[in-house]
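**Q** Below you'll find the structure I mean.
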Amino acid sequence: MADFPSKVSTQTSTPVQGGARSSLPGLGALRPDLGFLRSVVGALMVLEIVVGLLTWALIADTPYHYYSIYGWVMFVAVFLWLMTIIFFIIYLWQLNTKFYMIPWPLVLMIFNISATILYITGFITCAVAVEQTSITGSYIYDKRAAASFFACVVMIAYGVSAFFSFRAWKGMGSNAATSQMAGGYS
């Protein structure tokens with residue numbers, strides 16, 4: 001009976017490998033999902049980030065502050081660029097699985113549809129204003145025309161993302177097990 005306390009272990013969980021602990025519970029096992037980068041949604045997000053950066057950088061490199069019309073284009077480009085980076089980080093680091101109470105397919109679909117509509121207005125605004133606000137053939141004209149082109153590319157990318165996020169939200173392409181589990185409402 002004397003050796004009883006030495007044989008009893010009060011440890012209730014497994015020890016952490018390597019001795020490192022996360023300060024936030026449940027976030028210690030975060031690893032980037034490289035499969036997401038190879039998916040269509042991941043590739044479109046990377047395209048939206050890169051080309052969106054080109055759009056607002058080209059506008060920002062001109063004296064856009066003299067024309068209030070470019071304020072809207074800058075707002076759309078920078079705001080959606082930052083929001084896309086946030087969604088990219090959420091999906092790359094699989095944070096959407098940690099915050100399972102949020103309907104991520106619906107949130108991503110609403111974001112992509114809204115971004116498409118905003119970029120339609122931004123593209124049209126930028127394209128119309130190029131001829132009116134700069135001299136044809138000047139470097140400012142060229143930068144604003146290139147920004148209009150890239151805004152069109154980003155608009156199309158957000159439209160394609162909206163299509164794929166709509167399909168993910170509706171559950172198209174799912175198998176019979178997932179449709180049975182959803183109660184046949186897919």
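Order determines the names: the first chain of the structure tokens is A, the second B, and so forth; residues in each chain are numbered 1 upward, and ligands are numbered 1 upward as they are shown.
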Determine which residues of region 66-147 of chain A DSSP labels as alpha helix (DSSP H) from the backbone of this structure, then write them out as a ChimeraX atom specification.
**A** /A:69-92,95-98,104-133,139-147
**Q** Please build the interface table for region 83-142 of chain A against region 164-169 of chain A with a cut-off of 12 Å, listing for each qualifying residue the nearest atom pair and the distance in Å to one decimal; count only C-alpha atoms, order rows by chain and increasing number, and write it as a Markdown table.
**A**
```
| residue | atom | partner | partner_atom | distance |
| --- | --- | --- | --- | --- |
| A:Pro103 | CA | A:Trp169 | CA | 9.1 |
| A:Trp104 | CA | A:Trp169 | CA | 8.6 |
| A:Pro105 | CA | A:Trp169 | CA | 5.0 |
| A:Leu106 | CA | A:Trp169 | CA | 5.8 |
| A:Val107 | CA | A:Ser165 | CA | 9.2 |
| A:Leu108 | CA | A:Ser165 | CA | 6.4 |
| A:Met109 | CA | A:Ser165 | CA | 4.9 |
| A:Ile110 | CA | A:Ser165 | CA | 8.7 |
| A:Phe111 | CA | A:Ser165 | CA | 9.5 |
| A:Asn112 | CA | A:Ser165 | CA | 7.6 |
| A:Ile113 | CA | A:Phe166 | CA | 9.1 |
```
**Q** Write the residues of the selection above to a file with N, CA and C atoms, as a compact mmCIF listing (two decimals), in the first residue's frame.
**A**
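Wrote it out as out.txt, contents follow:
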```
# COMPACT_ATOMS: atom_id res chain seq x y z
N PRO A 103 -21.49 29.43 -41.57
CA PRO A 103 -21.74 28.73 -42.83
C PRO A 103 -20.80 29.25 -43.93
N TRP A 104 -19.60 28.73 -43.97
CA TRP A 104 -18.55 29.26 -44.86
C TRP A 104 -18.91 29.23 -46.33
N PRO A 105 -19.53 28.16 -46.85
CA PRO A 105 -19.90 28.22 -48.27
C PRO A 105 -20.85 29.37 -48.60
N LEU A 106 -21.80 29.64 -47.71
CA LEU A 106 -22.72 30.75 -47.92
C LEU A 106 -22.01 32.10 -47.81
N VAL A 107 -21.13 32.22 -46.82
CA VAL A 107 -20.39 33.47 -46.64
C VAL A 107 -19.50 33.74 -47.86
N LEU A 108 -18.82 32.72 -48.34
CA LEU A 108 -17.94 32.90 -49.50
C LEU A 108 -18.75 33.21 -50.76
N MET A 109 -19.92 32.60 -50.90
CA MET A 109 -20.76 32.89 -52.06
C MET A 109 -21.25 34.33 -52.03
N ILE A 110 -21.71 34.79 -50.87
CA ILE A 110 -22.18 36.18 -50.75
C ILE A 110 -21.04 37.15 -51.01
N PHE A 111 -19.85 36.85 -50.48
CA PHE A 111 -18.70 37.72 -50.72
C PHE A 111 -18.35 37.78 -52.19
N ASN A 112 -18.31 36.63 -52.87
CA ASN A 112 -17.93 36.62 -54.28
C ASN A 112 -18.96 37.31 -55.17
N ILE A 113 -20.23 37.14 -54.86
CA ILE A 113 -21.26 37.83 -55.65
C ILE A 113 -21.16 39.34 -55.42
```
**Q** Considering only C-alpha atoms, can you say which of A:Ile117, A:Phe150, A:Pro32, A:Ser161 comes closest to Tyr91 (chain A)?
**A**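 Smallest distance to Tyr91 (chain A) is found for A:Pro32.
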**Q** What does the distance between CA of Gly171 (chain A) and CA of Val40 (chain A) come to in Å, to one decimal place?
**A** 15.8 Å
**Q** Could you work out how far CA of Tyr66 (chain A) lies from CA of Ala115 (chain A), giving the answer in Å with one decimal?
**A**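 Between CA of Ala115 (chain A) and CA of Tyr66 (chain A) the gap is 25.7 Å.
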**Q** Tell me which protein, DNA and RNA residues are within 12 Å of Thr133 (chain A), counting only C-alpha atoms, leaving out same-chain ones fewer than 5 positions away, and put them as a PDB file with all heavy atoms, in the first residue's frame.
**A**
```
ATOM      1  N   THR A  62      -0.820  56.968 -60.186  1.00  0.00           N
ATOM      2  CA  THR A  62      -1.202  58.159 -60.952  1.00  0.00           C
ATOM      3  C   THR A  62      -1.756  59.197 -59.979  1.00  0.00           C
ATOM      4  O   THR A  62      -2.123  58.854 -58.858  1.00  0.00           O
ATOM      5  CB  THR A  62      -2.281  57.812 -62.002  1.00  0.00           C
ATOM      6  OG1 THR A  62      -3.469  57.407 -61.324  1.00  0.00           O
ATOM      7  CG2 THR A  62      -1.812  56.717 -62.938  1.00  0.00           C
ATOM      8  N   PRO A  63      -1.858  60.437 -60.402  1.00  0.00           N
ATOM      9  CA  PRO A  63      -2.473  61.444 -59.516  1.00  0.00           C
ATOM     10  C   PRO A  63      -3.995  61.290 -59.497  1.00  0.00           C
ATOM     11  O   PRO A  63      -4.733  62.120 -60.018  1.00  0.00           O
ATOM     12  CB  PRO A  63      -2.025  62.772 -60.120  1.00  0.00           C
ATOM     13  CG  PRO A  63      -1.700  62.471 -61.531  1.00  0.00           C
ATOM     14  CD  PRO A  63      -1.253  61.044 -61.590  1.00  0.00           C
ATOM     15  N   TYR A  64      -4.441  60.216 -58.886  1.00  0.00           N
ATOM     16  CA  TYR A  64      -5.874  59.904 -58.883  1.00  0.00           C
ATOM     17  C   TYR A  64      -6.659  60.798 -57.939  1.00  0.00           C
ATOM     18  O   TYR A  64      -7.863  60.941 -58.090  1.00  0.00           O
ATOM     19  CB  TYR A  64      -6.100  58.430 -58.499  1.00  0.00           C
ATOM     20  CG  TYR A  64      -5.833  58.121 -57.059  1.00  0.00           C
ATOM     21  CD1 TYR A  64      -6.850  58.174 -56.122  1.00  0.00           C
ATOM     22  CD2 TYR A  64      -4.561  57.795 -56.630  1.00  0.00           C
ATOM     23  CE1 TYR A  64      -6.613  57.910 -54.796  1.00  0.00           C
ATOM     24  CE2 TYR A  64      -4.310  57.542 -55.313  1.00  0.00           C
ATOM     25  CZ  TYR A  64      -5.334  57.581 -54.389  1.00  0.00           C
ATOM     26  OH  TYR A  64      -5.082  57.333 -53.077  1.00  0.00           O
ATOM     27  N   HIS A  65      -6.015  61.372 -56.956  1.00  0.00           N
ATOM     28  CA  HIS A  65      -6.734  62.155 -55.954  1.00  0.00           C
ATOM     29  C   HIS A  65      -7.320  63.455 -56.519  1.00  0.00           C
ATOM     30  O   HIS A  65      -8.140  64.087 -55.867  1.00  0.00           O
ATOM     31  CB  HIS A  65      -5.832  62.444 -54.753  1.00  0.00           C
ATOM     32  CG  HIS A  65      -4.522  63.066 -55.118  1.00  0.00           C
ATOM     33  ND1 HIS A  65      -3.459  62.308 -55.548  1.00  0.00           N
ATOM     34  CD2 HIS A  65      -4.120  64.357 -55.129  1.00  0.00           C
ATOM     35  CE1 HIS A  65      -2.442  63.116 -55.817  1.00  0.00           C
ATOM     36  NE2 HIS A  65      -2.813  64.350 -55.572  1.00  0.00           N
ATOM     37  N   TYR A  66      -6.916  63.861 -57.726  1.00  0.00           N
ATOM     38  CA  TYR A  66      -7.516  65.033 -58.360  1.00  0.00           C
ATOM     39  C   TYR A  66      -8.905  64.737 -58.921  1.00  0.00           C
ATOM     40  O   TYR A  66      -9.676  65.642 -59.201  1.00  0.00           O
ATOM     41  CB  TYR A  66      -6.626  65.550 -59.492  1.00  0.00           C
ATOM     42  CG  TYR A  66      -5.299  66.071 -59.024  1.00  0.00           C
ATOM     43  CD1 TYR A  66      -4.117  65.625 -59.597  1.00  0.00           C
ATOM     44  CD2 TYR A  66      -5.218  67.028 -58.015  1.00  0.00           C
ATOM     45  CE1 TYR A  66      -2.893  66.103 -59.174  1.00  0.00           C
ATOM     46  CE2 TYR A  66      -3.994  67.513 -57.581  1.00  0.00           C
ATOM     47  CZ  TYR A  66      -2.837  67.045 -58.171  1.00  0.00           C
ATOM     48  OH  TYR A  66      -1.638  67.514 -57.732  1.00  0.00           O
ATOM     49  N   TYR A  67      -9.204  63.447 -59.104  1.00  0.00           N
ATOM     50  CA  TYR A  67     -10.480  63.032 -59.693  1.00  0.00           C
ATOM     51  C   TYR A  67     -11.201  62.130 -58.699  1.00  0.00           C
ATOM     52  O   TYR A  67     -10.729  61.045 -58.378  1.00  0.00           O
ATOM     53  CB  TYR A  67     -10.251  62.286 -61.011  1.00  0.00           C
ATOM     54  CG  TYR A  67      -9.411  63.070 -61.984  1.00  0.00           C
ATOM     55  CD1 TYR A  67      -8.057  62.779 -62.157  1.00  0.00           C
ATOM     56  CD2 TYR A  67      -9.963  64.110 -62.713  1.00  0.00           C
ATOM     57  CE1 TYR A  67      -7.289  63.513 -63.037  1.00  0.00           C
ATOM     58  CE2 TYR A  67      -9.200  64.843 -63.590  1.00  0.00           C
ATOM     59  CZ  TYR A  67      -7.860  64.545 -63.747  1.00  0.00           C
ATOM     60  OH  TYR A  67      -7.089  65.270 -64.614  1.00  0.00           O
ATOM     61  N   SER A  68     -12.337  62.570 -58.253  1.00  0.00           N
ATOM     62  CA  SER A  68     -13.068  61.819 -57.231  1.00  0.00           C
ATOM     63  C   SER A  68     -13.585  60.477 -57.753  1.00  0.00           C
ATOM     64  O   SER A  68     -13.852  59.577 -56.963  1.00  0.00           O
ATOM     65  CB  SER A  68     -14.228  62.652 -56.696  1.00  0.00           C
ATOM     66  OG  SER A  68     -15.137  62.963 -57.734  1.00  0.00           O
ATOM     67  N   ILE A  69     -13.697  60.350 -59.047  1.00  0.00           N
ATOM     68  CA  ILE A  69     -14.196  59.106 -59.628  1.00  0.00           C
ATOM     69  C   ILE A  69     -13.244  57.938 -59.335  1.00  0.00           C
ATOM     70  O   ILE A  69     -13.672  56.810 -59.163  1.00  0.00           O
ATOM     71  CB  ILE A  69     -14.441  59.286 -61.146  1.00  0.00           C
ATOM     72  CG1 ILE A  69     -15.380  58.219 -61.651  1.00  0.00           C
ATOM     73  CG2 ILE A  69     -13.159  59.314 -61.932  1.00  0.00           C
ATOM     74  CD1 ILE A  69     -15.959  58.544 -62.998  1.00  0.00           C
ATOM     75  N   TYR A  70     -11.943  58.233 -59.238  1.00  0.00           N
ATOM     76  CA  TYR A  70     -10.979  57.174 -58.945  1.00  0.00           C
ATOM     77  C   TYR A  70     -10.970  56.800 -57.465  1.00  0.00           C
ATOM     78  O   TYR A  70     -10.410  55.767 -57.094  1.00  0.00           O
ATOM     79  CB  TYR A  70      -9.578  57.578 -59.392  1.00  0.00           C
ATOM     80  CG  TYR A  70      -9.422  57.498 -60.884  1.00  0.00           C
ATOM     81  CD1 TYR A  70      -9.254  58.647 -61.641  1.00  0.00           C
ATOM     82  CD2 TYR A  70      -9.458  56.278 -61.541  1.00  0.00           C
ATOM     83  CE1 TYR A  70      -9.128  58.583 -63.014  1.00  0.00           C
ATOM     84  CE2 TYR A  70      -9.334  56.209 -62.904  1.00  0.00           C
ATOM     85  CZ  TYR A  70      -9.168  57.356 -63.639  1.00  0.00           C
ATOM     86  OH  TYR A  70      -9.050  57.289 -64.991  1.00  0.00           O
ATOM     87  N   THR A 125     -16.480  52.314 -64.078  1.00  0.00           N
ATOM     88  CA  THR A 125     -16.054  53.650 -63.657  1.00  0.00           C
ATOM     89  C   THR A 125     -14.645  53.957 -64.134  1.00  0.00           C
ATOM     90  O   THR A 125     -14.373  55.030 -64.673  1.00  0.00           O
ATOM     91  CB  THR A 125     -16.127  53.764 -62.124  1.00  0.00           C
ATOM     92  OG1 THR A 125     -17.455  53.480 -61.707  1.00  0.00           O
ATOM     93  CG2 THR A 125     -15.720  55.130 -61.647  1.00  0.00           C
ATOM     94  N   CYS A 126     -13.746  53.013 -63.942  1.00  0.00           N
ATOM     95  CA  CYS A 126     -12.347  53.223 -64.337  1.00  0.00           C
ATOM     96  C   CYS A 126     -12.211  53.323 -65.852  1.00  0.00           C
ATOM     97  O   CYS A 126     -11.482  54.179 -66.363  1.00  0.00           O
ATOM     98  CB  CYS A 126     -11.494  52.080 -63.790  1.00  0.00           C
ATOM     99  SG  CYS A 126      -9.724  52.325 -63.958  1.00  0.00           S
ATOM    100  N   ALA A 127     -12.917  52.457 -66.570  1.00  0.00           N
ATOM    101  CA  ALA A 127     -12.807  52.467 -68.025  1.00  0.00           C
ATOM    102  C   ALA A 127     -13.369  53.746 -68.635  1.00  0.00           C
ATOM    103  O   ALA A 127     -12.810  54.280 -69.599  1.00  0.00           O
ATOM    104  CB  ALA A 127     -13.525  51.250 -68.606  1.00  0.00           C
ATOM    105  N   VAL A 128     -14.469  54.250 -68.100  1.00  0.00           N
ATOM    106  CA  VAL A 128     -15.071  55.476 -68.621  1.00  0.00           C
ATOM    107  C   VAL A 128     -14.193  56.683 -68.311  1.00  0.00           C
ATOM    108  O   VAL A 128     -14.066  57.606 -69.121  1.00  0.00           O
ATOM    109  CB  VAL A 128     -16.496  55.651 -68.041  1.00  0.00           C
ATOM    110  CG1 VAL A 128     -17.036  57.037 -68.295  1.00  0.00           C
ATOM    111  CG2 VAL A 128     -17.422  54.604 -68.619  1.00  0.00           C
ATOM    112  N   SER A 138      -0.120  59.254 -72.945  1.00  0.00           N
ATOM    113  CA  SER A 138       0.772  59.584 -71.828  1.00  0.00           C
ATOM    114  C   SER A 138       0.914  58.373 -70.908  1.00  0.00           C
ATOM    115  O   SER A 138       0.151  57.421 -70.985  1.00  0.00           O
ATOM    116  CB  SER A 138       0.231  60.786 -71.053  1.00  0.00           C
ATOM    117  OG  SER A 138      -0.986  60.447 -70.417  1.00  0.00           O
ATOM    118  N   ILE A 140       0.309  58.295 -67.781  1.00  0.00           N
ATOM    119  CA  ILE A 140      -0.849  58.238 -66.887  1.00  0.00           C
ATOM    120  C   ILE A 140      -2.009  57.540 -67.587  1.00  0.00           C
ATOM    121  O   ILE A 140      -2.694  56.705 -67.004  1.00  0.00           O
ATOM    122  CB  ILE A 140      -1.240  59.653 -66.419  1.00  0.00           C
ATOM    123  CG1 ILE A 140      -0.147  60.226 -65.528  1.00  0.00           C
ATOM    124  CG2 ILE A 140      -2.575  59.646 -65.696  1.00  0.00           C
ATOM    125  CD1 ILE A 140      -0.360  61.674 -65.146  1.00  0.00           C
ATOM    126  N   TYR A 141      -2.215  57.857 -68.859  1.00  0.00           N
ATOM    127  CA  TYR A 141      -3.259  57.211 -69.639  1.00  0.00           C
ATOM    128  C   TYR A 141      -3.006  55.703 -69.713  1.00  0.00           C
ATOM    129  O   TYR A 141      -3.926  54.898 -69.528  1.00  0.00           O
ATOM    130  CB  TYR A 141      -3.303  57.807 -71.047  1.00  0.00           C
ATOM    131  CG  TYR A 141      -4.316  57.177 -71.959  1.00  0.00           C
ATOM    132  CD1 TYR A 141      -5.625  57.635 -71.976  1.00  0.00           C
ATOM    133  CD2 TYR A 141      -3.966  56.133 -72.807  1.00  0.00           C
ATOM    134  CE1 TYR A 141      -6.567  57.059 -72.813  1.00  0.00           C
ATOM    135  CE2 TYR A 141      -4.897  55.555 -73.644  1.00  0.00           C
ATOM    136  CZ  TYR A 141      -6.198  56.017 -73.651  1.00  0.00           C
ATOM    137  OH  TYR A 141      -7.127  55.443 -74.472  1.00  0.00           O
ATOM    138  N   ASP A 142      -1.751  55.335 -69.971  1.00  0.00           N
ATOM    139  CA  ASP A 142      -1.413  53.913 -70.088  1.00  0.00           C
ATOM    140  C   ASP A 142      -1.651  53.168 -68.778  1.00  0.00           C
ATOM    141  O   ASP A 142      -2.160  52.047 -68.773  1.00  0.00           O
ATOM    142  CB  ASP A 142       0.037  53.753 -70.532  1.00  0.00           C
ATOM    143  CG  ASP A 142       0.274  54.256 -71.952  1.00  0.00           C
ATOM    144  OD1 ASP A 142      -0.708  54.381 -72.716  1.00  0.00           O
ATOM    145  OD2 ASP A 142       1.447  54.533 -72.288  1.00  0.00           O
ATOM    146  N   LYS A 143      -1.286  53.779 -67.657  1.00  0.00           N
ATOM    147  CA  LYS A 143      -1.476  53.124 -66.360  1.00  0.00           C
ATOM    148  C   LYS A 143      -2.953  52.976 -66.031  1.00  0.00           C
ATOM    149  O   LYS A 143      -3.386  51.943 -65.521  1.00  0.00           O
ATOM    150  CB  LYS A 143      -0.763  53.908 -65.258  1.00  0.00           C
ATOM    151  CG  LYS A 143       0.734  53.754 -65.317  1.00  0.00           C
ATOM    152  CD  LYS A 143       1.400  54.528 -64.218  1.00  0.00           C
ATOM    153  CE  LYS A 143       2.915  54.402 -64.359  1.00  0.00           C
ATOM    154  NZ  LYS A 143       3.616  55.140 -63.317  1.00  0.00           N
ATOM    155  N   ARG A 144      -3.731  54.000 -66.324  1.00  0.00           N
ATOM    156  CA  ARG A 144      -5.165  53.918 -66.036  1.00  0.00           C
ATOM    157  C   ARG A 144      -5.869  52.934 -66.966  1.00  0.00           C
ATOM    158  O   ARG A 144      -6.795  52.243 -66.553  1.00  0.00           O
ATOM    159  CB  ARG A 144      -5.795  55.305 -66.128  1.00  0.00           C
ATOM    160  CG  ARG A 144      -5.359  56.192 -64.980  1.00  0.00           C
ATOM    161  CD  ARG A 144      -5.927  57.567 -65.071  1.00  0.00           C
ATOM    162  NE  ARG A 144      -5.487  58.372 -63.932  1.00  0.00           N
ATOM    163  CZ  ARG A 144      -5.573  59.669 -63.872  1.00  0.00           C
ATOM    164  NH1 ARG A 144      -6.108  60.351 -64.876  1.00  0.00           N
ATOM    165  NH2 ARG A 144      -5.151  60.319 -62.810  1.00  0.00           N
ATOM    166  N   ALA A 145      -5.426  52.873 -68.213  1.00  0.00           N
ATOM    167  CA  ALA A 145      -6.005  51.896 -69.141  1.00  0.00           C
ATOM    168  C   ALA A 145      -5.639  50.478 -68.716  1.00  0.00           C
ATOM    169  O   ALA A 145      -6.480  49.564 -68.768  1.00  0.00           O
ATOM    170  CB  ALA A 145      -5.517  52.170 -70.557  1.00  0.00           C
TER     171      ALA A 145
END
```
